[in-house]
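A.B. asks: Encoded as structure tokens, here's the structure I'll be asking about.
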Amino acid sequence: MSEITTYYLEMKNVAQLNGKDQPDQLSVVEVENDQFELNRFLYQLVGAQWQWTDKLALSDDDWKHYAEDKNLRTWVAYSQGAIAGYYELNKQDNGVVEIAYFGLTPQCIGKGFGGYLLTHAINSAWGWEGTQRVWVHTCSLDHKSALANYTARGFEIYKTETE
């Protein structure tokens, strides 16, 4: 088993955001009608390539409870009618918002969509009333450009763990 390094990053002010412009072929839509099946599908579609396994064993009831939580919001990115990626925001205590899941589908990696989708996620997090801090974590199993994208958008590493 190899070592896995996890990076925890934060943004304490929206002014830290170094945004990317929206590509012509990309649109992002918030999921306003909760469908736990959609959240599960997106998690598997995007996460399979990065070994996201923490939610694979959840029951339908557990997924329903997760997806219908009033503190969870989901956005889906589309390119030419197909799903290009997604992100989920999880509002926590004291004005903290986590970018809980974020990623692109395999077909859309390398098309310049990641910087804009992350910009959209950060703006959505800061747009959630009462937000004081936005954070995210990534690890060495994620795409090789993930950490660079987070720091390029203005996140700062506040903790690193290696297992």
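Following the order of the structure tokens, first chain is A, next is B, and so on, with residues numbered from 1 inside each chain and ligands from 1 in the order they appear.
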Residues of stretch 43-161 of chain A classed as alpha helix (DSSP H) by DSSP on the backbone are to be reported as a PyMOL selection string.
C.D. replies: chain A and resi 43-47+60-67+114-127+146-152
A.B. asks: Could you write those residues out with C-alpha atoms, as a PDB file, in the first residue's frame?
C.D. replies:
```
ATOM      1  CA  TYR A  43     -20.408  10.504  -7.320  1.00  0.00           C
ATOM      2  CA  GLN A  44     -19.762   7.249  -9.206  1.00  0.00           C
ATOM      3  CA  LEU A  45     -19.367   8.845 -12.649  1.00  0.00           C
ATOM      4  CA  VAL A  46     -16.781  11.376 -11.522  1.00  0.00           C
ATOM      5  CA  GLY A  47     -15.258   9.566  -8.555  1.00  0.00           C
ATOM      6  CA  ASP A  60     -30.799   4.123  -0.753  1.00  0.00           C
ATOM      7  CA  ASP A  61     -32.092   5.514   2.546  1.00  0.00           C
ATOM      8  CA  ASP A  62     -28.635   6.798   3.460  1.00  0.00           C
ATOM      9  CA  TRP A  63     -28.229   8.429   0.029  1.00  0.00           C
ATOM     10  CA  LYS A  64     -31.705   9.964   0.339  1.00  0.00           C
ATOM     11  CA  HIS A  65     -30.886  11.378   3.770  1.00  0.00           C
ATOM     12  CA  TYR A  66     -27.575  12.752   2.435  1.00  0.00           C
ATOM     13  CA  ALA A  67     -28.958  14.320  -0.759  1.00  0.00           C
ATOM     14  CA  GLY A 114     -11.766  22.638 -14.177  1.00  0.00           C
ATOM     15  CA  GLY A 115     -10.677  26.189 -13.455  1.00  0.00           C
ATOM     16  CA  TYR A 116     -14.057  27.637 -14.335  1.00  0.00           C
ATOM     17  CA  LEU A 117     -16.047  24.928 -12.540  1.00  0.00           C
ATOM     18  CA  LEU A 118     -13.990  25.552  -9.399  1.00  0.00           C
ATOM     19  CA  THR A 119     -14.521  29.307  -9.789  1.00  0.00           C
ATOM     20  CA  HIS A 120     -18.267  28.630 -10.004  1.00  0.00           C
ATOM     21  CA  ALA A 121     -18.118  26.434  -6.888  1.00  0.00           C
ATOM     22  CA  ILE A 122     -16.230  29.062  -4.906  1.00  0.00           C
ATOM     23  CA  ASN A 123     -18.611  31.835  -5.976  1.00  0.00           C
ATOM     24  CA  SER A 124     -21.590  29.634  -5.063  1.00  0.00           C
ATOM     25  CA  ALA A 125     -20.077  28.905  -1.650  1.00  0.00           C
ATOM     26  CA  TRP A 126     -19.463  32.586  -0.947  1.00  0.00           C
ATOM     27  CA  GLY A 127     -22.948  33.374  -2.244  1.00  0.00           C
ATOM     28  CA  ALA A 146      -6.181  19.179  -8.610  1.00  0.00           C
ATOM     29  CA  LEU A 147      -3.972  20.773  -5.969  1.00  0.00           C
ATOM     30  CA  ALA A 148      -2.601  23.280  -8.497  1.00  0.00           C
ATOM     31  CA  ASN A 149      -6.148  24.248  -9.529  1.00  0.00           C
ATOM     32  CA  TYR A 150      -7.166  24.859  -5.913  1.00  0.00           C
ATOM     33  CA  THR A 151      -4.130  27.000  -5.141  1.00  0.00           C
ATOM     34  CA  ALA A 152      -4.379  28.869  -8.469  1.00  0.00           C
TER      35      ALA A 152
END
```
A.B. asks: So that I can check the surroundings of A:Ile83, please list as a ChimeraX atom specification every protein, DNA and RNA residue that reaches within 10 Å of it, counting only C-alpha atoms and ignoring chain neighbours fewer than 2 positions away.
C.D. replies: /A:26-28,42,45-46,76-81,85-86,104-105,107-108
A.B. asks: Could you tell me how far atom CA of A:Ser140 lies from atom CA of A:Leu72, in Å and to one decimal?
C.D. replies: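 Going from atom CA of A:Ser140 over to atom CA of A:Leu72, I get 25.4 Å.
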A.B. asks: Quick check, in Å to one decimal: how far apart do atom CA of A:Val134 and atom CA of A:Trp52 lie?
C.D. replies: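 So the two atoms, atom CA of A:Val134 and atom CA of A:Trp52, lie 21.5 Å apart.
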A.B. asks: Between atom CA of A:Gly110 and atom CA of A:Lys144, what distance in Å does the model show, to one decimal?
C.D. replies: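 Computing it gives 11.4 Å between the two atoms.
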A.B. asks: Can you tell me, as an NGL selection string, which residues in chain A count as strand (DSSP E or B) by DSSP?
C.D. replies: :A and (5-11 or 27-30 or 72-79 or 82-91 or 96-104 or 133-139 or 156-162)
A.B. asks: Counting only C-alpha atoms, which residue out of A:Ile109, A:Asp34, A:Ser59, A:Phe102 sits closest to A:His137?
C.D. replies: A:Phe102
A.B. asks: Measuring between only C-alpha atoms, which one of A:Ile4, A:Tyr101, A:Met11, A:Asp69 shows the shortest distance to A:Ile157?
C.D. replies: A:Met11
A.B. asks: Given only C-alpha atoms as the basis, pick out the residue of A:Gln132, A:Glu88, A:Val96, A:Pro23 nearest to A:Arg40.
C.D. replies: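 Among A:Gln132, A:Glu88, A:Val96, A:Pro23, it is A:Glu88 that comes nearest to A:Arg40.
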